[in-house]
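The structure appears below as structure tokens.
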2 protein chains.
Amino acid sequence: MQSMLREYKASIFQALAHPTRIAILEVLRDGEISARAIQERLGIEQANLSQHLAILRSREIVAHRKEGNQVFYALRNKVLIKVLDLMRQYFQAHLNEAVQMLTEIEAERGAR
Amino acid sequence: MQSMLREYKASIFQALAHPTRIAILEVLRDGEISARAIQERLGIEQANLSQHLAILRSREIVAHRKEGNQVFYALRNKVLIKVLDLMRQYFQAHLNEAVQMLTEIEAERGAR
DNA sequence: TTAGTATATTCGATTTCTCGAATATACGCA
DNA sequence: TGCGTATATTCGAGAAATCGAATATACTAA
């Protein structure tokens, strides 16, 4: 049971572990919105957005509702917004370290 | 800048996206502890633990301190504990869905 | 020095993630 | 019906994550 909880948490974190999906959640925090509108706001490929949405759906992180031609997405639980806010807090606390870390990650990626 | 923040958040979430690493953080919430002690509590391979700790270190999520033979690990920021607590809240809210989801994931894994 | 303990790193195989391209599905409207 | 728009799915290639095995490093104590 303990380990099941951890697997669950890990699967949610895994769903959040992509910049595009974080961007999607940030858009959704303003309320329900169509997939097309998300795509325009983020400026990404349609298929790619749909793939990311599929992941968020599979984790039950977002709800979706069809209306005619389009599909509207919404956050299922505000707790995740709180989590993102905490992360922002965390980020500010670690700003300098974070910049350095990202630079290093970049450097490694470049070196490869 | 906006996108850098998202990359950073994603990299932290990615670091949290593994049951073993979540277990490590849960151990660390009680305070500083040696790697050996973590290993005993979790009952995992030494090398494996060390790899997971390396990931948490690289994200600056944990601090480490050498003392003689051993290395003690500690959480750098309590905010992450808050995040884990929120996730527990989230989990309770979604308990039934989550069980079903995990069952499906299991089923898929089995089918493959 | 040698042996033993604690920890980290490297390696290679396997699995999982991610992307764009192509295609499929579903709906609305002429 | 046929066309256009919105969305989802499938596929294949490349990148990244994961594990255990083997090995390296660093410290302690005899």
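Following the order of the structure tokens, first chain is A, next is B, and so on, with residues numbered from 1 inside each chain and ligands from 1 in the order they appear.
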Specify as a PDB file with C-alpha atoms, in the first residue's frame all residues of chain A found within 10 Å of chain C, counting only C-alpha atoms (C1' of nucleotides).
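The resulting selection_21.pdb:
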ATOM      1  CA  GLU A  45       2.324  21.256 -33.184  1.00  0.00           C
ATOM      2  CA  ALA A  47      -0.184  16.345 -32.714  1.00  0.00           C
ATOM      3  CA  ASN A  48       2.334  17.114 -30.053  1.00  0.00           C
ATOM      4  CA  GLN A  51      -0.005  13.660 -27.141  1.00  0.00           C
ATOM      5  CA  HIS A  52       0.715  15.712 -24.071  1.00  0.00           C
ATOM      6  CA  GLU A  67     -18.717  20.506 -27.516  1.00  0.00           C
ATOM      7  CA  GLY A  68     -19.486  20.177 -31.173  1.00  0.00           C
ATOM      8  CA  ASN A  69     -16.282  20.296 -33.041  1.00  0.00           C
ATOM      9  CA  GLN A  70     -14.025  21.011 -30.195  1.00  0.00           C
TER      10      GLN A  70
END
Give as a ChimeraX atom specification every residue of chain B that touches chain A within 8 Å, counting only C-alpha atoms.
/B:3,5-14,16-20,22-23,58-60,77,79-80,82-83,86-91,97-98,101-102
Print the selection's residues with N, CA and C atoms to a file, as a compact mmCIF listing (two decimals), in the first residue's frame.
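File out.txt, as written:
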# COMPACT_ATOMS: atom_id res chain seq x y z
N SER B 3 10.04 30.27 -20.08
CA SER B 3 10.27 28.88 -20.49
C SER B 3 11.39 28.25 -19.67
N LEU B 5 11.84 28.84 -16.52
CA LEU B 5 11.19 28.44 -15.28
C LEU B 5 10.49 27.10 -15.46
N ARG B 6 9.85 26.94 -16.60
CA ARG B 6 9.16 25.68 -16.85
C ARG B 6 10.13 24.52 -16.97
N GLU B 7 11.25 24.78 -17.60
CA GLU B 7 12.25 23.72 -17.71
C GLU B 7 12.77 23.32 -16.34
N TYR B 8 12.93 24.33 -15.53
CA TYR B 8 13.41 24.06 -14.17
C TYR B 8 12.40 23.23 -13.39
N LYS B 9 11.16 23.67 -13.42
CA LYS B 9 10.11 22.91 -12.72
C LYS B 9 10.06 21.49 -13.24
N ALA B 10 10.13 21.36 -14.55
CA ALA B 10 10.06 20.02 -15.14
C ALA B 10 11.23 19.17 -14.65
N SER B 11 12.40 19.78 -14.54
CA SER B 11 13.56 18.98 -14.13
C SER B 11 13.43 18.54 -12.67
N ILE B 12 12.78 19.37 -11.86
CA ILE B 12 12.55 18.96 -10.47
C ILE B 12 11.50 17.85 -10.43
N PHE B 13 10.42 18.04 -11.16
CA PHE B 13 9.40 17.00 -11.20
C PHE B 13 9.98 15.69 -11.72
N GLN B 14 10.82 15.82 -12.70
CA GLN B 14 11.43 14.62 -13.25
C GLN B 14 12.25 13.89 -12.18
N LEU B 16 11.60 13.87 -9.13
CA LEU B 16 10.66 13.27 -8.17
C LEU B 16 9.89 12.10 -8.79
N ALA B 17 10.05 11.91 -10.07
CA ALA B 17 9.18 10.97 -10.79
C ALA B 17 9.68 9.54 -10.72
N HIS B 18 9.99 9.12 -9.52
CA HIS B 18 10.39 7.71 -9.37
C HIS B 18 10.08 7.27 -7.94
N PRO B 19 9.43 6.14 -7.80
CA PRO B 19 9.01 5.70 -6.47
C PRO B 19 10.16 5.64 -5.47
N THR B 20 11.29 5.20 -5.91
CA THR B 20 12.43 5.11 -4.99
C THR B 20 12.86 6.48 -4.50
N ILE B 22 11.03 9.13 -4.28
CA ILE B 22 10.00 9.61 -3.36
C ILE B 22 10.21 8.97 -1.99
N ALA B 23 10.50 7.70 -2.00
CA ALA B 23 10.76 7.01 -0.73
C ALA B 23 11.95 7.65 -0.02
N SER B 58 22.07 16.23 -8.09
CA SER B 58 22.28 17.05 -9.29
C SER B 58 21.20 18.12 -9.43
N ARG B 59 20.04 17.86 -8.85
CA ARG B 59 18.97 18.86 -8.88
C ARG B 59 19.01 19.76 -7.66
N GLU B 60 20.02 19.58 -6.84
CA GLU B 60 20.17 20.38 -5.61
C GLU B 60 18.99 20.17 -4.67
N ASN B 77 15.24 21.79 1.22
CA ASN B 77 14.14 22.74 1.30
C ASN B 77 12.85 22.02 1.67
N VAL B 79 10.00 22.91 1.30
CA VAL B 79 8.89 23.10 0.37
C VAL B 79 8.55 21.79 -0.32
N LEU B 80 9.55 21.00 -0.61
CA LEU B 80 9.28 19.74 -1.29
C LEU B 80 8.45 18.80 -0.43
N LYS B 82 6.20 19.85 1.60
CA LYS B 82 4.83 20.37 1.41
C LYS B 82 4.24 19.83 0.13
N VAL B 83 5.06 19.80 -0.89
CA VAL B 83 4.57 19.28 -2.17
C VAL B 83 4.14 17.83 -2.02
N LEU B 86 0.87 17.72 -0.25
CA LEU B 86 -0.23 18.07 -1.15
C LEU B 86 -0.57 16.89 -2.05
N MET B 87 0.45 16.18 -2.46
CA MET B 87 0.20 15.03 -3.32
C MET B 87 -0.60 13.97 -2.57
N ARG B 88 -0.34 13.86 -1.29
CA ARG B 88 -1.10 12.89 -0.52
C ARG B 88 -2.57 13.30 -0.48
N GLN B 89 -2.78 14.61 -0.27
CA GLN B 89 -4.13 15.16 -0.30
C GLN B 89 -4.80 14.83 -1.63
N TYR B 90 -4.04 15.13 -2.68
CA TYR B 90 -4.52 14.88 -4.03
C TYR B 90 -4.89 13.41 -4.19
N PHE B 91 -4.02 12.57 -3.65
CA PHE B 91 -4.23 11.14 -3.76
C PHE B 91 -5.53 10.72 -3.11
N GLU B 97 -10.26 6.63 -8.40
CA GLU B 97 -9.73 6.76 -9.75
C GLU B 97 -8.31 6.21 -9.83
N ALA B 98 -7.55 6.55 -8.81
CA ALA B 98 -6.14 6.17 -8.84
C ALA B 98 -5.98 4.66 -8.83
N MET B 101 -6.76 3.45 -12.14
CA MET B 101 -5.71 3.81 -13.09
C MET B 101 -4.52 2.88 -12.97
N LEU B 102 -4.11 2.65 -11.73
CA LEU B 102 -2.95 1.79 -11.52
C LEU B 102 -3.24 0.37 -11.99
Rounded to one decimal in Å, what is the spacing between CA of Val71 (chain A) and C1' of DG12 (chain D)?
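Going from CA of Val71 (chain A) over to C1' of DG12 (chain D) covers 28.2 Å.
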Mobile chain B placed on reference chain A by ordered C-alpha fit, as a PDB file with C-alpha atoms, in the first residue's frame:
ATOM      1  CA  MET B   1      -0.098   0.074   0.066  1.00  0.00           C
ATOM      2  CA  GLN B   2       2.714   2.415   1.005  1.00  0.00           C
ATOM      3  CA  SER B   3       4.500   1.501  -2.171  1.00  0.00           C
ATOM      4  CA  MET B   4       1.363   1.879  -4.212  1.00  0.00           C
ATOM      5  CA  LEU B   5       1.031   5.436  -2.969  1.00  0.00           C
ATOM      6  CA  ARG B   6       4.581   6.119  -4.016  1.00  0.00           C
ATOM      7  CA  GLU B   7       3.975   4.690  -7.449  1.00  0.00           C
ATOM      8  CA  TYR B   8       0.965   6.883  -7.793  1.00  0.00           C
ATOM      9  CA  LYS B   9       2.812  10.007  -6.731  1.00  0.00           C
ATOM     10  CA  ALA B  10       5.630   9.124  -9.080  1.00  0.00           C
ATOM     11  CA  SER B  11       3.221   8.690 -11.963  1.00  0.00           C
ATOM     12  CA  ILE B  12       1.733  12.116 -11.313  1.00  0.00           C
ATOM     13  CA  PHE B  13       5.156  13.715 -11.045  1.00  0.00           C
ATOM     14  CA  GLN B  14       6.145  11.967 -14.208  1.00  0.00           C
ATOM     15  CA  ALA B  15       3.137  13.487 -15.924  1.00  0.00           C
ATOM     16  CA  LEU B  16       4.280  16.916 -14.735  1.00  0.00           C
ATOM     17  CA  ALA B  17       7.879  16.325 -15.769  1.00  0.00           C
ATOM     18  CA  HIS B  18       7.773  18.090 -19.078  1.00  0.00           C
ATOM     19  CA  PRO B  19       7.917  21.804 -19.828  1.00  0.00           C
ATOM     20  CA  THR B  20       5.068  21.614 -22.301  1.00  0.00           C
ATOM     21  CA  ARG B  21       2.766  19.887 -19.856  1.00  0.00           C
ATOM     22  CA  ILE B  22       3.591  22.431 -17.200  1.00  0.00           C
ATOM     23  CA  ALA B  23       2.761  25.141 -19.695  1.00  0.00           C
ATOM     24  CA  ILE B  24      -0.554  23.429 -20.366  1.00  0.00           C
ATOM     25  CA  LEU B  25      -1.428  23.385 -16.679  1.00  0.00           C
ATOM     26  CA  GLU B  26      -0.522  27.033 -16.403  1.00  0.00           C
ATOM     27  CA  VAL B  27      -2.915  27.805 -19.205  1.00  0.00           C
ATOM     28  CA  LEU B  28      -5.608  25.689 -17.581  1.00  0.00           C
ATOM     29  CA  ARG B  29      -5.363  27.513 -14.308  1.00  0.00           C
ATOM     30  CA  ASP B  30      -7.340  30.353 -15.882  1.00  0.00           C
ATOM     31  CA  GLY B  31     -10.207  27.938 -16.526  1.00  0.00           C
ATOM     32  CA  GLU B  32     -11.564  25.681 -19.192  1.00  0.00           C
ATOM     33  CA  ILE B  33     -10.165  26.136 -22.651  1.00  0.00           C
ATOM     34  CA  SER B  34     -10.231  24.359 -26.005  1.00  0.00           C
ATOM     35  CA  ALA B  35      -7.341  22.315 -27.278  1.00  0.00           C
ATOM     36  CA  ARG B  36      -7.023  24.634 -30.244  1.00  0.00           C
ATOM     37  CA  ALA B  37      -6.692  27.641 -27.976  1.00  0.00           C
ATOM     38  CA  ILE B  38      -4.016  25.899 -25.930  1.00  0.00           C
ATOM     39  CA  GLN B  39      -2.147  25.099 -29.076  1.00  0.00           C
ATOM     40  CA  GLU B  40      -2.243  28.705 -30.204  1.00  0.00           C
ATOM     41  CA  ARG B  41      -1.081  29.982 -26.858  1.00  0.00           C
ATOM     42  CA  LEU B  42       1.824  27.575 -26.707  1.00  0.00           C
ATOM     43  CA  GLY B  43       2.701  27.648 -30.362  1.00  0.00           C
ATOM     44  CA  ILE B  44       3.341  23.935 -30.707  1.00  0.00           C
ATOM     45  CA  GLU B  45       2.390  21.198 -33.158  1.00  0.00           C
ATOM     46  CA  GLN B  46      -1.162  19.963 -32.971  1.00  0.00           C
ATOM     47  CA  ALA B  47      -0.169  16.312 -32.713  1.00  0.00           C
ATOM     48  CA  ASN B  48       2.341  17.072 -30.042  1.00  0.00           C
ATOM     49  CA  LEU B  49      -0.189  18.914 -27.915  1.00  0.00           C
ATOM     50  CA  SER B  50      -2.627  16.097 -28.325  1.00  0.00           C
ATOM     51  CA  GLN B  51      -0.025  13.624 -27.132  1.00  0.00           C
ATOM     52  CA  HIS B  52       0.703  15.670 -24.048  1.00  0.00           C
ATOM     53  CA  LEU B  53      -2.995  16.085 -23.351  1.00  0.00           C
ATOM     54  CA  ALA B  54      -3.391  12.332 -23.632  1.00  0.00           C
ATOM     55  CA  ILE B  55      -0.810  11.879 -20.902  1.00  0.00           C
ATOM     56  CA  LEU B  56      -2.549  14.386 -18.634  1.00  0.00           C
ATOM     57  CA  ARG B  57      -5.859  12.651 -19.335  1.00  0.00           C
ATOM     58  CA  SER B  58      -4.465   9.220 -18.589  1.00  0.00           C
ATOM     59  CA  ARG B  59      -3.376  10.438 -15.165  1.00  0.00           C
ATOM     60  CA  GLU B  60      -6.808  11.965 -14.582  1.00  0.00           C
ATOM     61  CA  ILE B  61      -5.125  15.321 -14.147  1.00  0.00           C
ATOM     62  CA  VAL B  62      -7.400  17.065 -16.608  1.00  0.00           C
ATOM     63  CA  ALA B  63     -11.040  16.651 -17.507  1.00  0.00           C
ATOM     64  CA  HIS B  64     -12.281  17.022 -21.046  1.00  0.00           C
ATOM     65  CA  ARG B  65     -15.627  17.788 -22.519  1.00  0.00           C
ATOM     66  CA  LYS B  66     -16.674  17.724 -26.131  1.00  0.00           C
ATOM     67  CA  GLU B  67     -18.687  20.557 -27.510  1.00  0.00           C
ATOM     68  CA  GLY B  68     -19.469  20.246 -31.156  1.00  0.00           C
ATOM     69  CA  ASN B  69     -16.286  20.354 -33.049  1.00  0.00           C
ATOM     70  CA  GLN B  70     -13.987  21.037 -30.203  1.00  0.00           C
ATOM     71  CA  VAL B  71     -12.762  19.588 -26.952  1.00  0.00           C
ATOM     72  CA  PHE B  72     -12.468  21.696 -23.838  1.00  0.00           C
ATOM     73  CA  TYR B  73      -9.971  20.870 -21.179  1.00  0.00           C
ATOM     74  CA  ALA B  74      -9.972  21.784 -17.517  1.00  0.00           C
ATOM     75  CA  LEU B  75      -7.994  21.015 -14.410  1.00  0.00           C
ATOM     76  CA  ARG B  76      -9.564  18.393 -12.202  1.00  0.00           C
ATOM     77  CA  ASN B  77      -8.029  19.499  -8.978  1.00  0.00           C
ATOM     78  CA  LYS B  78      -6.727  22.830  -7.779  1.00  0.00           C
ATOM     79  CA  VAL B  79      -4.202  21.069  -5.599  1.00  0.00           C
ATOM     80  CA  LEU B  80      -1.899  20.764  -8.572  1.00  0.00           C
ATOM     81  CA  ILE B  81      -1.953  24.509  -8.979  1.00  0.00           C
ATOM     82  CA  LYS B  82      -0.870  24.795  -5.378  1.00  0.00           C
ATOM     83  CA  VAL B  83       1.927  22.419  -6.172  1.00  0.00           C
ATOM     84  CA  LEU B  84       3.034  24.564  -9.093  1.00  0.00           C
ATOM     85  CA  ASP B  85       2.908  27.633  -6.867  1.00  0.00           C
ATOM     86  CA  LEU B  86       5.050  25.922  -4.286  1.00  0.00           C
ATOM     87  CA  MET B  87       7.475  25.076  -7.030  1.00  0.00           C
ATOM     88  CA  ARG B  88       7.679  28.718  -7.932  1.00  0.00           C
ATOM     89  CA  GLN B  89       8.475  29.480  -4.309  1.00  0.00           C
ATOM     90  CA  TYR B  90      11.066  26.760  -4.375  1.00  0.00           C
ATOM     91  CA  PHE B  91      12.472  28.192  -7.555  1.00  0.00           C
ATOM     92  CA  GLN B  92      12.893  31.626  -6.069  1.00  0.00           C
ATOM     93  CA  ALA B  93      14.689  30.155  -3.087  1.00  0.00           C
ATOM     94  CA  HIS B  94      17.092  28.359  -5.377  1.00  0.00           C
ATOM     95  CA  LEU B  95      17.307  30.877  -8.138  1.00  0.00           C
ATOM     96  CA  ASN B  96      21.026  31.191  -8.344  1.00  0.00           C
ATOM     97  CA  GLU B  97      21.673  27.511  -7.948  1.00  0.00           C
ATOM     98  CA  ALA B  98      19.050  26.790 -10.525  1.00  0.00           C
ATOM     99  CA  VAL B  99      20.562  29.066 -13.094  1.00  0.00           C
ATOM    100  CA  GLN B 100      23.901  27.461 -12.579  1.00  0.00           C
ATOM    101  CA  MET B 101      22.376  24.012 -12.769  1.00  0.00           C
ATOM    102  CA  LEU B 102      20.589  24.719 -16.000  1.00  0.00           C
ATOM    103  CA  THR B 103      23.740  26.196 -17.433  1.00  0.00           C
ATOM    104  CA  GLU B 104      25.573  23.011 -16.564  1.00  0.00           C
ATOM    105  CA  ILE B 105      22.852  20.873 -18.047  1.00  0.00           C
ATOM    106  CA  GLU B 106      23.045  22.996 -21.178  1.00  0.00           C
ATOM    107  CA  ALA B 107      26.803  22.648 -21.276  1.00  0.00           C
ATOM    108  CA  GLU B 108      26.578  18.885 -20.930  1.00  0.00           C
ATOM    109  CA  ARG B 109      23.978  18.675 -23.602  1.00  0.00           C
ATOM    110  CA  GLY B 110      26.174  20.770 -25.871  1.00  0.00           C
ATOM    111  CA  ALA B 111      29.227  18.691 -25.148  1.00  0.00           C
ATOM    112  CA  ARG B 112      27.519  15.473 -26.137  1.00  0.00           C
TER     113      ARG B 112
END
With the cut-off set at 12 Å and counting only C-alpha atoms (C1' of nucleotides), tabulate each residue of chain D with an atom at most that distance from an atom of chain B, showing the nearest atom pair and its distance in Å to one decimal, ordered by chain and increasing number, as JSON lines.
{"residue": "D:DA16", "atom": "C1'", "partner": "B:Gln14", "partner_atom": "CA", "distance": 11.5}
{"residue": "D:DA17", "atom": "C1'", "partner": "B:Gln14", "partner_atom": "CA", "distance": 10.2}
{"residue": "D:DT18", "atom": "C1'", "partner": "B:Asn48", "partner_atom": "CA", "distance": 9.2}
{"residue": "D:DC19", "atom": "C1'", "partner": "B:Asn48", "partner_atom": "CA", "distance": 7.4}
{"residue": "D:DG20", "atom": "C1'", "partner": "B:Asn48", "partner_atom": "CA", "distance": 8.2}
{"residue": "D:DA21", "atom": "C1'", "partner": "B:Ala47", "partner_atom": "CA", "distance": 9.6}
{"residue": "D:DA22", "atom": "C1'", "partner": "B:Ala47", "partner_atom": "CA", "distance": 10.7}
{"residue": "D:DT23", "atom": "C1'", "partner": "B:Ala47", "partner_atom": "CA", "distance": 11.3}
{"residue": "D:DT25", "atom": "C1'", "partner": "B:Asn69", "partner_atom": "CA", "distance": 11.5}
{"residue": "D:DA26", "atom": "C1'", "partner": "B:Asn69", "partner_atom": "CA", "distance": 7.5}
{"residue": "D:DC27", "atom": "C1'", "partner": "B:Asn69", "partner_atom": "CA", "distance": 4.9}
{"residue": "D:DT28", "atom": "C1'", "partner": "B:Asn69", "partner_atom": "CA", "distance": 7.2}
{"residue": "D:DA29", "atom": "C1'", "partner": "B:Asn69", "partner_atom": "CA", "distance": 11.7}
Taking the DSSP assignment computed from this structure's backbone, write out as a PyMOL selection string all residues of region 35-85 of chain B that belong to helix (DSSP H, G or I).
chain B and resi 35-42+46-58+79-85
Pull the strand (DSSP E) assignments for chain B out of DSSP run on the backbone, and list those residues as a list in words.
Ile33, Ser34, Val62, Ala63, His64, Arg65, Lys66, Glu67, Gln70, Val71, Phe72, Tyr73, Ala74 and Leu75 of chain B
